[in-house]
$ cat data.pdb   # PDB, C-alpha atoms, pLDDT in the B column
ATOM      1  CA  MET A   1     -56.347   6.652  50.248  1.00 57.00           C
ATOM      2  CA  ALA A   2     -53.141   4.675  49.976  1.00 61.00           C
ATOM      3  CA  ARG A   3     -51.829   4.051  46.534  1.00 64.00           C
ATOM      4  CA  LYS A   4     -50.766   0.624  45.502  1.00 64.00           C
ATOM      5  CA  THR A   5     -47.529   0.579  43.603  1.00 63.00           C
ATOM      6  CA  LYS A   6     -46.821  -1.982  40.987  1.00 65.00           C
ATOM      7  CA  THR A   7     -43.686  -3.982  41.304  1.00 64.00           C
ATOM      8  CA  VAL A   8     -41.765  -3.693  38.080  1.00 63.00           C
ATOM      9  CA  ARG A   9     -39.710  -6.669  37.194  1.00 66.00           C
ATOM     10  CA  LYS A  10     -36.568  -6.056  35.333  1.00 65.00           C
ATOM     11  CA  ARG A  11     -36.169  -8.319  32.404  1.00 68.00           C
ATOM     12  CA  ALA A  12     -32.927 -10.104  32.032  1.00 65.00           C
ATOM     13  CA  ALA A  13     -30.917  -8.580  29.259  1.00 66.00           C
ATOM     14  CA  LYS A  14     -31.223 -10.639  26.146  1.00 66.00           C
ATOM     15  CA  PRO A  15     -27.922 -11.699  24.698  1.00 65.00           C
ATOM     16  CA  ALA A  16     -27.198  -9.829  21.502  1.00 66.00           C
ATOM     17  CA  LYS A  17     -27.848 -11.848  18.426  1.00 66.00           C
ATOM     18  CA  ARG A  18     -24.625 -12.993  16.903  1.00 67.00           C
ATOM     19  CA  LYS A  19     -24.118 -11.988  13.385  1.00 65.00           C
ATOM     20  CA  SER A  20     -22.946 -14.843  11.275  1.00 63.00           C
ATOM     21  CA  ALA A  21     -19.201 -14.636  11.213  1.00 65.00           C
ATOM     22  CA  ALA A  22     -17.819 -13.493   7.910  1.00 66.00           C
ATOM     23  CA  PRO A  23     -15.705 -16.092   6.208  1.00 71.00           C
ATOM     24  CA  LYS A  24     -12.181 -15.889   7.526  1.00 73.00           C
ATOM     25  CA  LYS A  25      -9.829 -14.155   5.126  1.00 73.00           C
ATOM     26  CA  PRO A  26      -7.171 -16.633   4.046  1.00 69.00           C
ATOM     27  CA  ASP A  27      -3.666 -15.972   5.265  1.00 87.00           C
ATOM     28  CA  ALA A  28      -1.374 -14.443   2.619  1.00 91.00           C
ATOM     29  CA  LEU A  29       1.222 -17.188   3.155  1.00 93.00           C
ATOM     30  CA  ASP A  30      -1.402 -19.892   2.687  1.00 93.00           C
ATOM     31  CA  ALA A  31      -2.505 -18.300  -0.580  1.00 93.00           C
ATOM     32  CA  PHE A  32       1.118 -17.924  -1.717  1.00 94.00           C
ATOM     33  CA  ILE A  33       1.918 -21.561  -0.918  1.00 94.00           C
ATOM     34  CA  ALA A  34      -1.160 -22.787  -2.784  1.00 93.00           C
ATOM     35  CA  ALA A  35      -0.389 -20.609  -5.821  1.00 95.00           C
ATOM     36  CA  ALA A  36       3.282 -21.616  -5.884  1.00 95.00           C
ATOM     37  CA  ALA A  37       2.422 -25.296  -5.613  1.00 95.00           C
ATOM     38  CA  ARG A  38       0.016 -24.981  -8.545  1.00 95.00           C
ATOM     39  CA  ALA A  39       2.463 -22.962 -10.636  1.00 97.00           C
ATOM     40  CA  LEU A  40       5.339 -25.371 -10.014  1.00 96.00           C
ATOM     41  CA  GLU A  41       3.080 -28.433 -10.227  1.00 96.00           C
ATOM     42  CA  LEU A  42       4.283 -29.635  -6.841  1.00 94.00           C
ATOM     43  CA  PRO A  43       2.159 -31.881  -4.689  1.00 91.00           C
ATOM     44  CA  ALA A  44       1.479 -30.217  -1.344  1.00 86.00           C
ATOM     45  CA  GLN A  45      -0.310 -32.511   1.052  1.00 90.00           C
ATOM     46  CA  LYS A  46      -2.367 -30.875   3.800  1.00 92.00           C
ATOM     47  CA  ALA A  47      -0.163 -32.485   6.442  1.00 95.00           C
ATOM     48  CA  TRP A  48       2.869 -30.667   5.012  1.00 94.00           C
ATOM     49  CA  LEU A  49       1.330 -27.178   4.971  1.00 94.00           C
ATOM     50  CA  PRO A  50       2.232 -26.155   8.560  1.00 94.00           C
ATOM     51  CA  ALA A  51       5.890 -27.127   7.998  1.00 96.00           C
ATOM     52  CA  ILE A  52       5.986 -25.392   4.603  1.00 95.00           C
ATOM     53  CA  LYS A  53       4.478 -22.264   6.135  1.00 96.00           C
ATOM     54  CA  ALA A  54       6.917 -22.286   9.073  1.00 96.00           C
ATOM     55  CA  ASN A  55       9.937 -22.652   6.779  1.00 97.00           C
ATOM     56  CA  LEU A  56       8.663 -19.935   4.440  1.00 96.00           C
ATOM     57  CA  ARG A  57       8.082 -17.602   7.391  1.00 96.00           C
ATOM     58  CA  VAL A  58      11.685 -18.151   8.610  1.00 97.00           C
ATOM     59  CA  THR A  59      13.077 -17.636   5.085  1.00 97.00           C
ATOM     60  CA  LEU A  60      11.142 -14.376   4.701  1.00 96.00           C
ATOM     61  CA  GLN A  61      12.399 -13.169   8.090  1.00 97.00           C
ATOM     62  CA  HIS A  62      15.990 -13.860   6.997  1.00 97.00           C
ATOM     63  CA  ALA A  63      15.331 -11.950   3.768  1.00 97.00           C
ATOM     64  CA  ARG A  64      13.995  -8.969   5.766  1.00 96.00           C
ATOM     65  CA  THR A  65      17.109  -9.010   7.949  1.00 96.00           C
ATOM     66  CA  VAL A  66      19.458  -9.073   4.946  1.00 94.00           C
ATOM     67  CA  GLY A  67      17.397  -6.426   3.144  1.00 93.00           C
ATOM     68  CA  ALA A  68      17.494  -4.117   6.167  1.00 95.00           C
ATOM     69  CA  PHE A  69      21.302  -4.206   6.339  1.00 92.00           C
ATOM     70  CA  LYS A  70      22.532  -0.893   4.935  1.00 91.00           C
ATOM     71  CA  LEU A  71      25.714  -0.955   2.895  1.00 89.00           C
ATOM     72  CA  PRO A  72      27.772   2.167   2.307  1.00 91.00           C
ATOM     73  CA  ASP A  73      27.925   3.456  -1.260  1.00 90.00           C
ATOM     74  CA  THR A  74      31.645   2.674  -1.282  1.00 92.00           C
ATOM     75  CA  ALA A  75      31.119  -1.034  -0.668  1.00 90.00           C
ATOM     76  CA  GLU A  76      32.666  -3.218  -3.343  1.00 90.00           C
ATOM     77  CA  THR A  77      30.777  -5.968  -5.067  1.00 88.00           C
ATOM     78  CA  ALA A  78      31.630  -9.564  -4.392  1.00 88.00           C
ATOM     79  CA  PRO A  79      34.067 -11.158  -6.805  1.00 90.00           C
ATOM     80  CA  VAL A  80      32.737 -13.513  -9.453  1.00 91.00           C
ATOM     81  CA  PHE A  81      34.548 -16.815  -9.755  1.00 90.00           C
ATOM     82  CA  LYS A  82      34.304 -18.815 -12.958  1.00 92.00           C
ATOM     83  CA  ALA A  83      35.433 -22.391 -13.339  1.00 84.00           C
TER      84      ALA A  83
END
$ encode --input "data.pdb" --output "structure tokens"
Amino acid sequence: MARKTKTVRKRAAKPAKRKSAAPKKPDALDAFIAAAARALELPAQKAWLPAIKANLRVTLQHARTVGAFKLPDTAETAPVFKA
């Protein structure tokens, strides 16, 4: 007697359920700018924030460059001029 075989259909893989994205952690520069503006009582319009952030990023990069420059222990201090 011949056996009948069942055709098994493969189910399409279900897309994995997306977990709700965790709230994005605010950027440290954004938090610093907001805190500094509050502390100094400066108005910081939203339209200005990208420019403020870009300038702050450049300033911090310059500070890193200056800070990384090693001076010998024998280096003399800069003179102080008084008027």
$ atom_distance --input "data.pdb" --atom1 "CA of Lys25 (chain A)" --atom2 "CA of Leu42 (chain A)"
24.1 Å
$ closest_residue --input "data.pdb" --among "A:Leu29, A:Pro23, A:Phe81, A:Glu76" --to "Leu60 (chain A)" --atoms "only C-alpha atoms"
A:Leu29
$ axis_aligned_box --input "data.pdb" --around "region 28-43 of chain A" --padding-each-side "3 Å" --output "lines of an AutoDock Vina configuration file"
center_x = 1.4
center_y = -23.2
center_z = -3.7
size_x = 13.8
size_y = 23.4
size_z = 19.8
$ closest_residue --input "data.pdb" --among "A:Ala39, A:Leu71, A:Ala78, A:Ala28" --to "Leu56 (chain A)" --atoms "only C-alpha atoms"
A:Ala28
$ atom_distance --input "data.pdb" --atom1 "CA of Leu49 (chain A)" --atom2 "CA of Thr65 (chain A)"
24.2 Å
$ atom_distance --input "data.pdb" --atom1 "CA of Leu40 (chain A)" --atom2 "CA of Arg57 (chain A)"
19.3 Å
$ closest_residue --input "data.pdb" --among "A:Ala47, A:Val58, A:Ile52, A:Ala63" --to "Phe32 (chain A)" --atoms "all atoms listed in the file"
A:Ile52
$ closest_residue --input "data.pdb" --among "A:Pro72, A:Thr77, A:Gln45, A:Lys53" --to "Ala31 (chain A)" --atoms "all atoms listed in the file"
A:Lys53
